[in-house]
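Asker: Structure file run-v1.cif (mmCIF, C-alpha atoms) is given on the next line.
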data_work
loop_
_atom_site.label_atom_id
_atom_site.label_comp_id
_atom_site.auth_asym_id
_atom_site.auth_seq_id
_atom_site.Cartn_x
_atom_site.Cartn_y
_atom_site.Cartn_z
CA MET A 1 1.38 -21.48 -29.30
CA ALA A 2 2.19 -19.94 -32.66
CA ILE A 3 2.57 -16.48 -31.15
CA PHE A 4 5.72 -17.62 -29.33
CA TYR A 5 7.53 -17.96 -32.65
CA CYS A 6 6.79 -14.39 -33.73
CA PHE A 7 9.59 -13.05 -31.52
CA PRO A 8 13.23 -14.16 -31.60
CA GLU A 9 14.88 -15.67 -28.55
CA PRO A 10 15.60 -12.74 -26.18
CA GLU A 11 19.23 -12.33 -25.17
CA THR A 12 19.06 -8.95 -23.39
CA LEU A 13 16.64 -7.12 -21.16
CA TYR A 14 15.70 -4.81 -24.02
CA GLU A 15 14.57 -7.75 -26.14
CA CYS A 16 12.73 -9.24 -23.16
CA VAL A 17 10.56 -6.14 -22.71
CA SER A 18 10.30 -5.43 -26.44
CA LEU A 19 6.65 -6.52 -26.63
CA ILE A 20 5.32 -4.32 -23.84
CA SER A 21 7.52 -1.37 -24.90
CA ARG A 22 6.22 -1.50 -28.48
CA LEU A 23 2.62 -1.83 -27.33
CA GLN A 24 3.02 1.04 -24.90
CA PHE A 25 4.53 3.15 -27.66
CA ALA A 26 1.74 2.22 -30.10
CA LEU A 27 -0.84 3.27 -27.50
CA CYS A 28 0.85 6.69 -27.14
CA CYS A 29 1.92 6.12 -23.53
CA SER A 30 5.71 6.15 -23.63
CA GLY A 31 7.60 7.95 -26.41
CA PHE A 32 10.17 5.21 -27.02
CA PHE A 33 10.29 1.62 -28.29
CA GLU A 34 12.76 -1.24 -28.65
CA ARG A 35 14.57 -1.80 -31.94
CA GLY A 36 17.76 -3.68 -32.60
CA GLY A 37 18.47 -4.47 -28.97
CA ARG A 38 18.16 -0.89 -27.74
CA PHE A 39 15.49 1.73 -27.04
CA VAL A 40 14.82 4.46 -29.59
CA MET A 41 13.52 7.85 -28.46
CA ASN A 42 13.71 11.09 -30.45
CA LYS A 43 11.53 14.02 -31.40
CA TRP A 44 9.65 11.93 -33.97
CA THR A 45 8.66 9.25 -31.48
CA ARG A 46 7.50 11.92 -29.05
CA LEU A 47 5.55 13.65 -31.83
CA TYR A 48 3.89 10.37 -32.79
CA SER A 49 2.67 9.81 -29.23
CA LEU A 50 1.24 13.30 -28.86
CA SER A 51 -0.40 13.45 -32.29
CA CYS A 52 -1.92 9.94 -32.16
CA ALA A 53 -3.27 10.59 -28.66
CA CYS A 54 -5.01 13.75 -29.87
CA LEU A 55 -6.40 11.90 -32.90
CA ALA A 56 -7.78 9.11 -30.67
CA VAL A 57 -9.55 11.57 -28.38
CA LEU A 58 -10.95 13.62 -31.27
CA GLY A 59 -11.92 10.42 -33.10
CA LEU A 60 -13.88 9.14 -30.12
CA ALA A 61 -15.67 12.47 -29.67
CA GLY A 62 -16.44 12.70 -33.39
CA THR A 63 -17.76 9.16 -33.76
CA VAL A 64 -19.95 9.46 -30.65
CA HIS A 65 -21.38 12.72 -32.03
CA ILE A 66 -22.11 11.09 -35.41
CA LEU A 67 -23.71 8.07 -33.76
CA MET A 68 -25.99 10.31 -31.73
CA GLN A 69 -27.23 11.91 -34.93
CA ASN A 70 -28.88 8.62 -35.84
CA GLN A 71 -32.51 8.91 -34.76
CA LEU A 72 -33.08 5.24 -33.91
CA LEU A 73 -29.84 4.90 -31.99
CA ARG A 74 -30.46 8.11 -30.06
CA GLN A 75 -33.91 6.93 -29.05
CA ARG A 76 -32.47 3.58 -27.99
CA VAL A 77 -29.85 5.27 -25.81
CA LEU A 78 -32.31 7.71 -24.26
CA ARG A 79 -34.62 4.84 -23.29
CA LEU A 80 -31.89 3.49 -21.01
CA ASP A 81 -32.15 3.94 -17.28
CA LYS A 82 -31.04 7.45 -16.33
CA LEU A 83 -28.50 6.18 -13.82
CA VAL A 84 -27.05 3.76 -16.39
CA LEU A 85 -26.91 6.54 -18.97
CA SER A 86 -25.10 8.84 -16.54
CA ILE A 87 -22.64 6.03 -15.75
CA MET A 88 -21.89 5.55 -19.45
CA CYS A 89 -21.30 9.27 -19.95
CA LEU A 90 -19.12 9.38 -16.83
CA GLU A 91 -17.06 6.45 -18.12
CA LEU A 92 -16.40 8.20 -21.43
CA VAL A 93 -15.30 11.40 -19.70
CA ILE A 94 -13.15 9.75 -17.02
CA SER A 95 -11.49 7.31 -19.43
CA THR A 96 -10.54 10.21 -21.72
CA LEU A 97 -9.12 12.27 -18.85
CA VAL A 98 -7.19 9.29 -17.48
CA PHE A 99 -5.74 8.60 -20.93
CA LEU A 100 -4.60 12.21 -21.27
CA PHE A 101 -3.11 12.23 -17.74
CA THR A 102 -1.28 8.97 -18.43
CA MET A 103 0.04 10.09 -21.78
CA LEU A 104 1.19 13.52 -20.59
CA SER A 105 2.78 12.26 -17.36
CA LEU A 106 4.70 9.46 -19.09
CA GLN A 107 5.79 11.84 -21.83
CA ALA A 108 7.08 14.26 -19.20
CA TRP A 109 9.00 11.43 -17.46
CA ALA A 110 10.04 9.63 -20.65
CA GLN A 111 13.78 10.15 -20.11
CA ARG A 112 13.66 8.82 -16.56
CA ASN A 113 11.38 5.98 -17.63
CA LEU A 114 13.92 4.99 -20.28
CA ARG A 115 16.71 5.28 -17.72
CA ILE A 116 14.98 2.68 -15.51
CA TYR A 117 15.42 0.03 -18.20
CA GLN A 118 18.98 1.14 -18.89
CA ARG A 119 19.92 0.83 -15.22
CA LEU A 120 18.32 -2.63 -15.06
CA ALA A 121 20.24 -3.67 -18.18
CA GLU A 122 23.53 -2.46 -16.65
CA LEU A 123 22.78 -4.41 -13.48
CA ASP A 124 22.10 -7.54 -15.55
CA LYS A 125 25.48 -7.16 -17.26
CA GLN A 126 27.18 -7.11 -13.85
CA LEU A 127 25.28 -10.19 -12.72
CA ILE A 128 26.21 -12.11 -15.86
CA GLY A 129 29.78 -10.84 -16.14
CA HIS A 130 30.92 -10.97 -12.49
CA PHE A 131 28.84 -13.84 -11.13
CA GLY A 132 27.88 -15.91 -14.17
CA ALA A 133 24.16 -15.52 -13.50
CA ARG A 134 21.67 -17.02 -15.93
CA LEU A 135 18.63 -14.82 -16.50
CA ASN A 136 15.67 -16.56 -18.12
CA TYR A 137 14.49 -13.75 -20.40
CA ARG A 138 12.62 -16.25 -22.57
CA LYS A 139 10.25 -17.30 -19.79
CA LEU A 140 9.29 -13.72 -18.95
CA LEU A 141 8.73 -12.79 -22.61
CA ARG A 142 6.48 -15.81 -23.10
CA LYS A 143 4.50 -14.83 -20.02
CA HIS A 144 4.02 -11.32 -21.44
CA MET A 145 2.87 -12.72 -24.78
CA LEU A 146 0.44 -15.18 -23.21
CA VAL A 147 -1.17 -12.72 -20.79
CA LEU A 148 -1.40 -9.82 -23.24
CA SER A 149 -2.76 -11.96 -26.10
CA MET A 150 -5.49 -13.47 -23.90
CA VAL A 151 -6.49 -10.11 -22.44
CA ALA A 152 -6.45 -8.46 -25.88
CA VAL A 153 -8.74 -11.06 -27.43
CA LEU A 154 -11.22 -10.96 -24.55
CA TYR A 155 -11.20 -7.18 -24.05
CA PHE A 156 -11.28 -6.22 -27.73
CA GLY A 157 -14.02 -8.72 -28.42
CA ALA A 158 -16.08 -7.50 -25.47
CA VAL A 159 -15.87 -3.82 -26.43
CA ASN A 160 -16.68 -4.39 -30.11
CA THR A 161 -19.51 -6.79 -29.38
CA GLY A 162 -20.93 -4.47 -26.73
CA LEU A 163 -21.07 -1.48 -29.06
CA ALA A 164 -22.42 -3.58 -31.93
CA SER A 165 -25.18 -4.93 -29.67
CA LEU A 166 -26.06 -1.43 -28.51
CA ALA A 167 -26.33 -0.27 -32.13
CA LYS A 168 -28.16 -3.48 -33.19
CA GLY A 169 -25.84 -3.92 -36.16
CA ARG A 170 -26.55 -0.46 -37.59
CA GLN A 171 -23.95 2.17 -38.48
CA LEU A 172 -21.09 -0.35 -38.28
CA GLY A 173 -18.93 1.98 -40.36
CA ILE A 174 -19.02 4.40 -37.41
CA VAL A 175 -19.35 1.88 -34.57
CA VAL A 176 -16.09 0.10 -35.44
CA PRO A 177 -13.95 3.32 -35.49
CA ALA A 178 -15.61 4.40 -32.24
CA ALA A 179 -14.71 1.05 -30.69
CA LEU A 180 -11.10 1.35 -31.91
CA CYS A 181 -10.75 4.86 -30.46
CA TYR A 182 -12.24 3.71 -27.16
CA LEU A 183 -9.89 0.72 -27.10
CA ILE A 184 -6.85 2.97 -27.59
CA ILE A 185 -8.00 5.37 -24.89
CA THR A 186 -8.70 2.66 -22.31
CA SER A 187 -5.93 0.23 -23.26
CA GLY A 188 -3.19 2.82 -22.67
CA PRO A 189 -3.83 3.18 -18.92
CA HIS A 190 -4.54 -0.56 -18.61
CA LEU A 191 -1.20 -1.41 -20.24
CA THR A 192 0.57 1.13 -18.05
CA GLY A 193 -0.63 -0.79 -15.00
CA PHE A 194 0.67 -4.02 -16.54
CA VAL A 195 4.05 -2.38 -17.27
CA HIS A 196 4.25 -1.31 -13.62
CA MET A 197 3.55 -4.90 -12.56
CA SER A 198 6.23 -6.09 -14.99
CA LEU A 199 8.81 -3.73 -13.50
CA ALA A 200 7.95 -4.90 -9.98
CA GLU A 201 8.35 -8.49 -11.15
CA LEU A 202 11.72 -7.71 -12.76
CA LEU A 203 12.98 -6.24 -9.50
CA GLY A 204 11.64 -9.20 -7.50
CA ILE A 205 13.44 -11.68 -9.77
CA ARG A 206 16.74 -9.85 -9.31
CA PHE A 207 16.26 -9.62 -5.55
CA ARG A 208 15.79 -13.39 -5.43
CA LEU A 209 18.88 -13.91 -7.57
CA LEU A 210 20.92 -11.70 -5.25
CA GLN A 211 19.73 -13.75 -2.28
CA GLN A 212 21.22 -16.83 -3.92
CA LEU A 213 24.50 -15.01 -4.58
CA LEU A 214 24.65 -13.77 -0.98
CA GLN A 215 24.68 -17.28 0.48
CA PRO A 216 27.87 -17.74 2.60
CA GLN A 217 28.61 -21.19 1.14
CA LEU A 218 28.66 -19.81 -2.40
CA LEU A 219 30.81 -16.81 -1.46
CA HIS A 220 33.31 -19.01 0.40
CA ARG A 221 33.50 -21.51 -2.44
CA ARG A 222 34.01 -18.95 -5.22
CA PHE A 223 36.01 -16.20 -3.53
CA GLY A 224 37.20 -17.61 -0.19
CA GLY A 225 40.82 -17.91 -1.29
CA GLN A 226 41.01 -14.32 -2.58
CA PRO A 227 40.12 -11.86 0.20
CA GLN A 228 40.45 -8.74 -1.94
CA LEU A 229 38.33 -10.19 -4.74
CA LEU A 230 35.79 -11.32 -2.14
CA GLU A 231 35.51 -7.78 -0.74
CA ARG A 232 35.08 -6.32 -4.22
CA ARG A 233 32.37 -8.82 -5.12
CA VAL A 234 30.53 -8.31 -1.83
CA CYS A 235 30.71 -4.56 -2.33
CA SER A 236 29.30 -5.06 -5.83
CA LEU A 237 26.40 -7.11 -4.43
CA VAL A 238 25.66 -4.42 -1.86
CA ASP A 239 25.62 -1.76 -4.57
CA MET A 240 23.21 -3.84 -6.65
CA VAL A 241 20.82 -4.30 -3.73
CA LYS A 242 20.89 -0.54 -3.14
CA GLU A 243 20.41 0.12 -6.85
CA LEU A 244 17.28 -2.04 -6.96
CA HIS A 245 15.84 -0.16 -3.99
CA TYR A 246 16.64 3.15 -5.67
CA LEU A 247 14.86 1.88 -8.77
CA ILE A 248 11.72 1.37 -6.68
CA GLN A 249 11.86 5.06 -5.79
CA GLU A 250 12.41 5.97 -9.44
CA ILE A 251 9.45 3.85 -10.55
CA ASN A 252 7.30 5.61 -7.96
CA ARG A 253 8.30 8.99 -9.38
CA VAL A 254 7.70 8.05 -13.01
CA TYR A 255 4.40 6.20 -12.55
CA SER A 256 2.96 8.21 -9.66
CA LEU A 257 0.30 10.23 -11.52
CA SER A 258 -0.41 7.68 -14.25
CA LEU A 259 -0.87 4.84 -11.79
CA TRP A 260 -3.05 6.88 -9.44
CA SER A 261 -5.32 8.03 -12.30
CA ALA A 262 -5.50 4.47 -13.67
CA MET A 263 -6.53 3.18 -10.23
CA ALA A 264 -9.28 5.80 -10.07
CA HIS A 265 -10.47 4.74 -13.52
CA ASP A 266 -10.41 1.06 -12.55
CA PHE A 267 -12.50 1.85 -9.48
CA THR A 268 -15.06 3.76 -11.54
CA LEU A 269 -15.16 1.12 -14.27
CA SER A 270 -15.55 -1.74 -11.79
CA THR A 271 -18.39 -0.18 -9.82
CA SER A 272 -20.19 1.02 -12.96
CA GLU A 273 -20.08 -2.29 -14.77
CA LEU A 274 -20.96 -4.25 -11.65
CA TYR A 275 -24.02 -2.06 -11.18
CA ILE A 276 -25.05 -2.48 -14.82
CA ILE A 277 -24.59 -6.26 -14.60
CA PHE A 278 -26.55 -6.70 -11.37
CA GLY A 279 -29.15 -4.04 -12.00
CA ARG A 280 -29.87 -4.80 -15.63
CA SER A 281 -29.77 -8.56 -15.17
CA ASN A 282 -32.52 -8.08 -12.58
CA ASP A 283 -34.49 -6.03 -15.11
CA ASN A 284 -34.04 -8.78 -17.68
CA ASN A 285 -35.44 -11.33 -15.23
CA ASN A 286 -38.45 -9.13 -14.57
CA ASN A 287 -39.07 -8.64 -18.28
CA ASN A 288 -38.75 -12.38 -18.92
CA ASN A 289 -41.23 -13.15 -16.13
CA SER A 290 -43.73 -10.60 -17.41
CA ASN A 291 -43.06 -11.45 -21.09
CA GLU A 292 -42.73 -7.76 -21.92
CA PRO A 293 -40.50 -6.87 -24.87
CA GLY A 294 -37.99 -4.13 -24.32
CA ASP A 295 -34.62 -2.77 -25.10
CA ASP A 296 -32.90 -4.15 -22.02
CA MET A 297 -29.42 -5.58 -22.39
CA SER A 298 -29.23 -9.14 -23.56
CA LEU A 299 -27.56 -11.85 -21.56
CA MET A 300 -24.79 -11.93 -24.16
CA LEU A 301 -24.02 -8.26 -23.58
CA LEU A 302 -24.00 -8.81 -19.83
CA GLY A 303 -21.51 -11.62 -20.36
CA PHE A 304 -19.22 -9.35 -22.33
CA LEU A 305 -19.44 -6.69 -19.63
CA SER A 306 -18.33 -9.35 -17.17
CA ILE A 307 -15.33 -10.07 -19.39
CA CYS A 308 -14.44 -6.36 -19.42
CA LEU A 309 -14.25 -6.49 -15.62
CA LEU A 310 -11.37 -8.95 -15.82
CA VAL A 311 -8.88 -6.24 -16.81
CA PRO A 312 -9.36 -3.82 -13.89
CA PHE A 313 -9.80 -6.67 -11.41
CA TYR A 314 -6.62 -8.34 -12.63
CA LYS A 315 -4.66 -5.11 -12.23
CA MET A 316 -6.05 -4.20 -8.82
CA LEU A 317 -5.84 -7.70 -7.36
CA ILE A 318 -2.54 -8.89 -8.87
CA GLY A 319 -0.53 -5.66 -9.13
CA PRO A 320 -0.20 -5.04 -5.37
CA VAL A 321 0.86 -8.67 -4.91
CA TYR A 322 3.82 -8.20 -7.28
CA CYS A 323 4.77 -4.97 -5.51
CA SER A 324 4.50 -6.54 -2.06
CA HIS A 325 6.55 -9.59 -3.08
CA SER A 326 9.27 -7.41 -4.60
CA VAL A 327 9.59 -5.32 -1.44
CA ASP A 328 9.64 -8.47 0.74
CA GLU A 329 12.42 -9.96 -1.40
CA GLY A 330 14.38 -6.74 -1.01
CA ARG A 331 14.06 -6.93 2.76
CA LYS A 332 15.37 -10.48 2.68
CA CYS A 333 18.41 -9.24 0.76
CA LEU A 334 19.05 -6.55 3.36
CA HIS A 335 18.72 -9.14 6.13
CA LEU A 336 21.38 -11.25 4.42
CA LEU A 337 23.66 -8.24 4.04
CA GLU A 338 23.44 -7.54 7.76
CA GLN A 339 24.89 -11.01 8.44
CA LEU A 340 28.00 -10.53 6.29
CA ASP A 341 30.20 -9.53 9.24
CA ASP A 342 29.21 -12.78 11.00
CA TRP A 343 30.22 -14.83 7.98
CA PHE A 344 33.50 -12.95 7.39
CA PRO A 345 34.60 -11.63 10.82
CA GLU A 346 38.22 -11.23 9.72
CA SER A 347 37.40 -8.63 7.04
CA VAL A 348 37.40 -5.04 8.31
CA ALA A 349 36.08 -3.72 4.99
CA ILE A 350 33.03 -6.00 5.12
CA ARG A 351 32.37 -4.99 8.74
CA GLN A 352 32.38 -1.32 7.76
CA LEU A 353 30.17 -2.13 4.80
CA VAL A 354 27.61 -3.77 7.07
CA GLU A 355 27.57 -0.74 9.36
CA SER A 356 26.92 1.57 6.43
CA ILE A 357 24.14 -0.73 5.19
CA MET A 358 22.42 -0.65 8.57
CA ARG A 359 22.55 3.15 8.67
CA TRP A 360 21.24 3.30 5.10
CA ARG A 361 18.37 0.94 5.91
CA VAL A 362 17.25 3.12 8.82
CA GLN A 363 17.16 6.21 6.59
CA PHE A 364 15.40 4.59 3.60
CA LYS A 365 12.11 2.75 4.09
CA ILE A 366 11.21 2.01 0.48
CA GLU A 367 7.78 0.85 -0.69
CA PHE A 368 5.89 0.91 -3.96
CA THR A 369 3.52 3.87 -3.87
CA SER A 370 1.14 5.73 -6.16
CA GLY A 371 -0.36 9.18 -6.19
CA THR A 372 -0.16 11.00 -2.88
CA GLY A 373 1.59 8.14 -1.09
CA THR A 374 -0.78 5.16 -1.23
CA VAL A 375 1.36 2.13 -0.42
CA LEU A 376 0.83 -0.69 -2.92
CA ASN A 377 0.73 -3.86 -0.86
CA LYS A 378 -1.73 -6.62 -0.09
CA THR A 379 -3.83 -4.40 2.18
CA VAL A 380 -4.75 -2.32 -0.87
CA ILE A 381 -6.62 -5.35 -2.25
CA THR A 382 -8.90 -5.48 0.78
CA LEU A 383 -9.40 -1.73 0.69
CA TYR A 384 -10.21 -1.75 -3.02
CA THR A 385 -12.72 -4.60 -2.88
CA SER A 386 -14.49 -3.17 0.17
CA ILE A 387 -14.83 0.29 -1.42
CA VAL A 388 -16.03 -1.17 -4.73
CA PHE A 389 -18.77 -3.29 -3.18
CA ASN A 390 -19.84 -0.60 -0.70
CA TYR A 391 -20.18 1.88 -3.55
CA LEU A 392 -22.03 -0.76 -5.54
CA LEU A 393 -24.53 -1.15 -2.69
CA VAL A 394 -25.05 2.61 -2.70
CA LEU A 395 -25.76 2.58 -6.45
CA ILE A 396 -28.20 -0.32 -6.14
CA SER A 397 -29.97 1.36 -3.21
CA PHE A 398 -30.26 4.58 -5.19
CA ALA A 399 -31.69 2.69 -8.15
CA MET A 400 -34.22 0.88 -5.94
CA ILE A 401 -35.36 4.20 -4.43
CA GLN A 402 -35.69 5.64 -7.93
CA LYS A 403 -37.80 2.71 -9.12
CA LEU A 404 -39.93 2.83 -5.95
CA GLY A 405 -40.63 6.49 -6.59
CA GLU A 406 -41.65 5.74 -10.17
CA GLN A 407 -43.99 2.96 -8.99
CA VAL A 408 -45.60 5.27 -6.43
CA GLU A 409 -46.12 7.91 -9.10
CA GLN A 410 -47.67 5.34 -11.45
CA GLN A 411 -50.02 4.12 -8.71
CA LYS A 412 -51.00 7.71 -7.95
CA VAL A 413 -51.84 8.36 -11.59
CA ALA A 414 -53.79 5.09 -11.82
CA LEU A 415 -55.75 5.95 -8.68
CA GLN A 416 -56.61 9.42 -10.04
CA ASP A 417 -57.80 7.86 -13.31
CA TRP A 418 -59.96 5.37 -11.38
CA ILE A 419 -61.52 8.10 -9.24
CA GLY A 420 -62.04 10.25 -12.33
CA ILE A 421 -60.01 13.27 -11.23
#
Could I get this file's structure written as structure tokens?
Answerer:
Amino acid sequence: MAIFYCFPEPETLYECVSLISRLQFALCCSGFFERGGRFVMNKWTRLYSLSCACLAVLGLAGTVHILMQNQLLRQRVLRLDKLVLSIMCLELVISTLVFLFTMLSLQAWAQRNLRIYQRLAELDKQLIGHFGARLNYRKLLRKHMLVLSMVAVLYFGAVNTGLASLAKGRQLGIVVPAALCYLIITSGPHLTGFVHMSLAELLGIRFRLLQQLLQPQLLHRRFGGQPQLLERRVCSLVDMVKELHYLIQEINRVYSLSLWSAMAHDFTLSTSELYIIFGRSNDNNNNNNSNEPGDDMSLMLLGFLSICLLVPFYKMLIGPVYCSHSVDEGRKCLHLLEQLDDWFPESVAIRQLVESIMRWRVQFKIEFTSGTGTVLNKTVITLYTSIVFNYLLVLISFAMIQKLGEQVEQQKVALQDWIGI
């Protein structure tokens, strides 16, 4: 793909994460970006994030207000189902609040967020310098480019087409800025979830690399004839395993509020759009059967709403998998460390190191968490899907009761007209 040639071959961790760091900075959700093989953060980058975030929120509010001044568009919106209209208003409010929470929390933790990448870069230097490790930065950068480009095309196209269909091609000079402001507001929290997944993947890759370096055959072959060098290298490996576990705790601190608010937004967005898709598609079928014209959503618009669901579903179904795999790889590293005294029984220093590792492991039970302590593992996927579809059933039941009440009222009026009351 041509997009792969837009970025030079990455040689450091900073260049590997340059794409997501620049996008996160452009969407006002970090306060720093990569330039020249290092991260740049100063008062001007922080000011840019705060000012552009305020402009996006004010721009969305202003464009929605101007659009509602159009008589035809306002009538078209008011003819929507009341529950659908309330869902749309709720989505605008919640997405704005989530964007502000994400932006403010990541701005408050910007220094520690930057330090996470610096600590990972220092660990990579040790792996390359002391053990000759080969880190495939190119593969990870290409994965970021492929996933983000596909999601951007689908999501941006869905949002713009959805708003244009709602406005029926009118007021495009206002619809397009409104779509851009909405994209900025929603893309920031979405990208934050992807960045969290990327960090979990980075830790998992390094855990797997450390497992290879902790194999007894490799240690004997490279350092067996130098006991002191062997002890130093084993101690270095132990420190790196601990450092990666400490980074999990640091990621939890930095992304706690932003990730929790993004998960709440994903839940709301998923249930709302699923209800609109199922409920309105049923209305479209009824209208087609009765050949009654109306302002119901077209099948094309329903298709674009389905595309919009890909983003929250991808985050909620794939993110916990990355987190769970990273933690599992870390446990495998600790299991290998506990066997060091069996592999090198003659070394007193390694035996003491193993004892300290076992005490440390008892004290620290590290998991990826969000918010008030929700553990991000594979069980979250089941919990999320069950809550989403249960809530969807509640919405559909409420809508059916509402329509039944309207039908009863219409039959009552028709009966009164027939009797002549």
Asker: Given the file shown, determine the residues that the PyMOL selection byres ((chain A and resi 314-328) around 7) selects; report them as a ChimeraX atom specification.
Answerer: /A:193-194,197,200-201,203-204,310-313,329-332,367-368,376-378,380-381
Asker: Take the PyMOL selection byres ((chain A and resi 237) around 9), apply it to the structure above, and return the hits as a PyMOL selection string.
Answerer: chain A and resi 127+210+213-214+232-236+238-242+337
Asker: In Å, how far is it from CA of Leu13 (chain A) to CA of Ala121 (chain A)?
Answerer: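 Calculated distance between CA of Leu13 (chain A) and CA of Ala121 (chain A) is 5.8 Å.
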Asker: Distance table requested - region 183-290 of chain A against region 60-69 of chain A, cut-off 10 Å, all atoms listed in the file: one row per qualifying residue with the closest atom pair and its distance in Å to one decimal, ordered by chain and rising residue number, as CSV.
Answerer:
residue,atom,partner,partner_atom,distance
A:Leu183,CA,A:Leu60,CA,9.8
A:Ile184,CA,A:Leu60,CA,9.7
A:Ile185,CA,A:Leu60,CA,8.7
Asker: Smallest atom-to-atom distance to Ala56 (chain A): which of A:Leu27, A:Phe156, A:Leu244, A:Val77, using all atoms listed in the file?
Answerer: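 Nearest candidate to Ala56 (chain A) out of A:Leu27, A:Phe156, A:Leu244, A:Val77: A:Leu27.
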Asker: Closest to Ile174 (chain A) among A:Asn70, A:Phe33, A:Ser370, A:Leu80, using only C-alpha atoms?
Answerer: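 Closest to Ile174 (chain A) of all the choices is A:Asn70.
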Asker: What is the distance between CA of Thr161 (chain A) and CA of Val84 (chain A), in Å to one decimal?
Answerer: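 We find that CA of Thr161 (chain A) and CA of Val84 (chain A) lie 18.4 Å from each other.
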Asker: Run the PyMOL selection byres ((chain A and resi 32) around 10) mentally over the shown coordinates, then write out the matched residues as a ChimeraX atom specification, using the chain letters and numbers from the document.
Answerer: /A:21-22,24-26,28-31,33-35,39-46,48-49,107,110-111,113-114
Asker: To one decimal place, how far is CA of Ser261 (chain A) from CA of Leu92 (chain A) in Å?
Answerer: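 Calculated distance between CA of Ser261 (chain A) and CA of Leu92 (chain A) is 14.4 Å.
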Asker: Find the residue from A:Gln71, A:Thr186, A:Gln416, A:Gln215 that sits nearest to Ser95 (chain A); use only C-alpha atoms when measuring.
Answerer: A:Thr186
Asker: With 5 Å added on each side, what axis-aligned box encloses every listed atom of region 110-125 of chain A? Give the centre and edge lengths in Å to one decimal, as AutoDock Vina command-line options.
Answerer:
--center_x 17.8 --center_y 1.3 --center_z -17.1 --size_x 25.4 --size_y 27.7 --size_z 17.2
Asker: Please list as a ChimeraX atom specification every residue within 9 Å of region 122-125 of chain A, counting all atoms listed in the file and excluding residues in the same chain fewer than 2 positions away.
Answerer: /A:12-13,117-120,127-130,133,135,206,240,243-244
Asker: Kindly indicate which residue among A:Arg79, A:Ile357, A:Ile20, A:Gln339 lies nearest to Lys143 (chain A), using all atoms listed in the file for the distances.
Answerer: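 Closest to Lys143 (chain A), using all atoms listed in the file: A:Ile20.
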Asker: Quick one: of A:Gly132, A:Leu141, A:Thr96, A:Gly59, who's nearest to Leu19 (chain A), counting all atoms listed in the file?
Answerer: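 Of A:Gly132, A:Leu141, A:Thr96, A:Gly59, the one nearest Leu19 (chain A), counting all atoms listed in the file, is A:Leu141.
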Asker: Determine the nearest neighbour of Leu104 (chain A) from the options A:Gly173, A:Gly157, A:Gly36, A:Pro189, counting all atoms listed in the file.
Answerer: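 For Leu104 (chain A), the nearest of the candidates is A:Pro189.
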Asker: Skip Tyr155 (chain A) itself and residues of its chain fewer than 3 positions away, then list as a list in words all residues within 12 Å of it, counting only C-alpha atoms.
Answerer: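 Contacts, in chain order: Val147, Leu148, Ser149, Met150, Val151, Ala152, Ala158, Val159, Asn160, Thr161, Gly162, Ala179, Leu180, Tyr182, Leu183, Ile184, Thr186, Ser187, His190, Gly303, Phe304, Leu305, Ser306, Ile307, Cys308, Leu309, Leu310, Val311 and Pro312 of chain A.
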Asker: Create the file for the chosen residues now, containing C-alpha atoms and written as a PDB file, in the frame of the given file.
Answerer:
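To be explicit, this is the file written out as part.pdb:
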ATOM      1  CA  VAL A 147      -1.170 -12.720 -20.790  1.00  0.00           C
ATOM      2  CA  LEU A 148      -1.400  -9.820 -23.240  1.00  0.00           C
ATOM      3  CA  SER A 149      -2.760 -11.960 -26.100  1.00  0.00           C
ATOM      4  CA  MET A 150      -5.490 -13.470 -23.900  1.00  0.00           C
ATOM      5  CA  VAL A 151      -6.490 -10.110 -22.440  1.00  0.00           C
ATOM      6  CA  ALA A 152      -6.450  -8.460 -25.880  1.00  0.00           C
ATOM      7  CA  ALA A 158     -16.080  -7.500 -25.470  1.00  0.00           C
ATOM      8  CA  VAL A 159     -15.870  -3.820 -26.430  1.00  0.00           C
ATOM      9  CA  ASN A 160     -16.680  -4.390 -30.110  1.00  0.00           C
ATOM     10  CA  THR A 161     -19.510  -6.790 -29.380  1.00  0.00           C
ATOM     11  CA  GLY A 162     -20.930  -4.470 -26.730  1.00  0.00           C
ATOM     12  CA  ALA A 179     -14.710   1.050 -30.690  1.00  0.00           C
ATOM     13  CA  LEU A 180     -11.100   1.350 -31.910  1.00  0.00           C
ATOM     14  CA  TYR A 182     -12.240   3.710 -27.160  1.00  0.00           C
ATOM     15  CA  LEU A 183      -9.890   0.720 -27.100  1.00  0.00           C
ATOM     16  CA  ILE A 184      -6.850   2.970 -27.590  1.00  0.00           C
ATOM     17  CA  THR A 186      -8.700   2.660 -22.310  1.00  0.00           C
ATOM     18  CA  SER A 187      -5.930   0.230 -23.260  1.00  0.00           C
ATOM     19  CA  HIS A 190      -4.540  -0.560 -18.610  1.00  0.00           C
ATOM     20  CA  GLY A 303     -21.510 -11.620 -20.360  1.00  0.00           C
ATOM     21  CA  PHE A 304     -19.220  -9.350 -22.330  1.00  0.00           C
ATOM     22  CA  LEU A 305     -19.440  -6.690 -19.630  1.00  0.00           C
ATOM     23  CA  SER A 306     -18.330  -9.350 -17.170  1.00  0.00           C
ATOM     24  CA  ILE A 307     -15.330 -10.070 -19.390  1.00  0.00           C
ATOM     25  CA  CYS A 308     -14.440  -6.360 -19.420  1.00  0.00           C
ATOM     26  CA  LEU A 309     -14.250  -6.490 -15.620  1.00  0.00           C
ATOM     27  CA  LEU A 310     -11.370  -8.950 -15.820  1.00  0.00           C
ATOM     28  CA  VAL A 311      -8.880  -6.240 -16.810  1.00  0.00           C
ATOM     29  CA  PRO A 312      -9.360  -3.820 -13.890  1.00  0.00           C
TER      30      PRO A 312
END
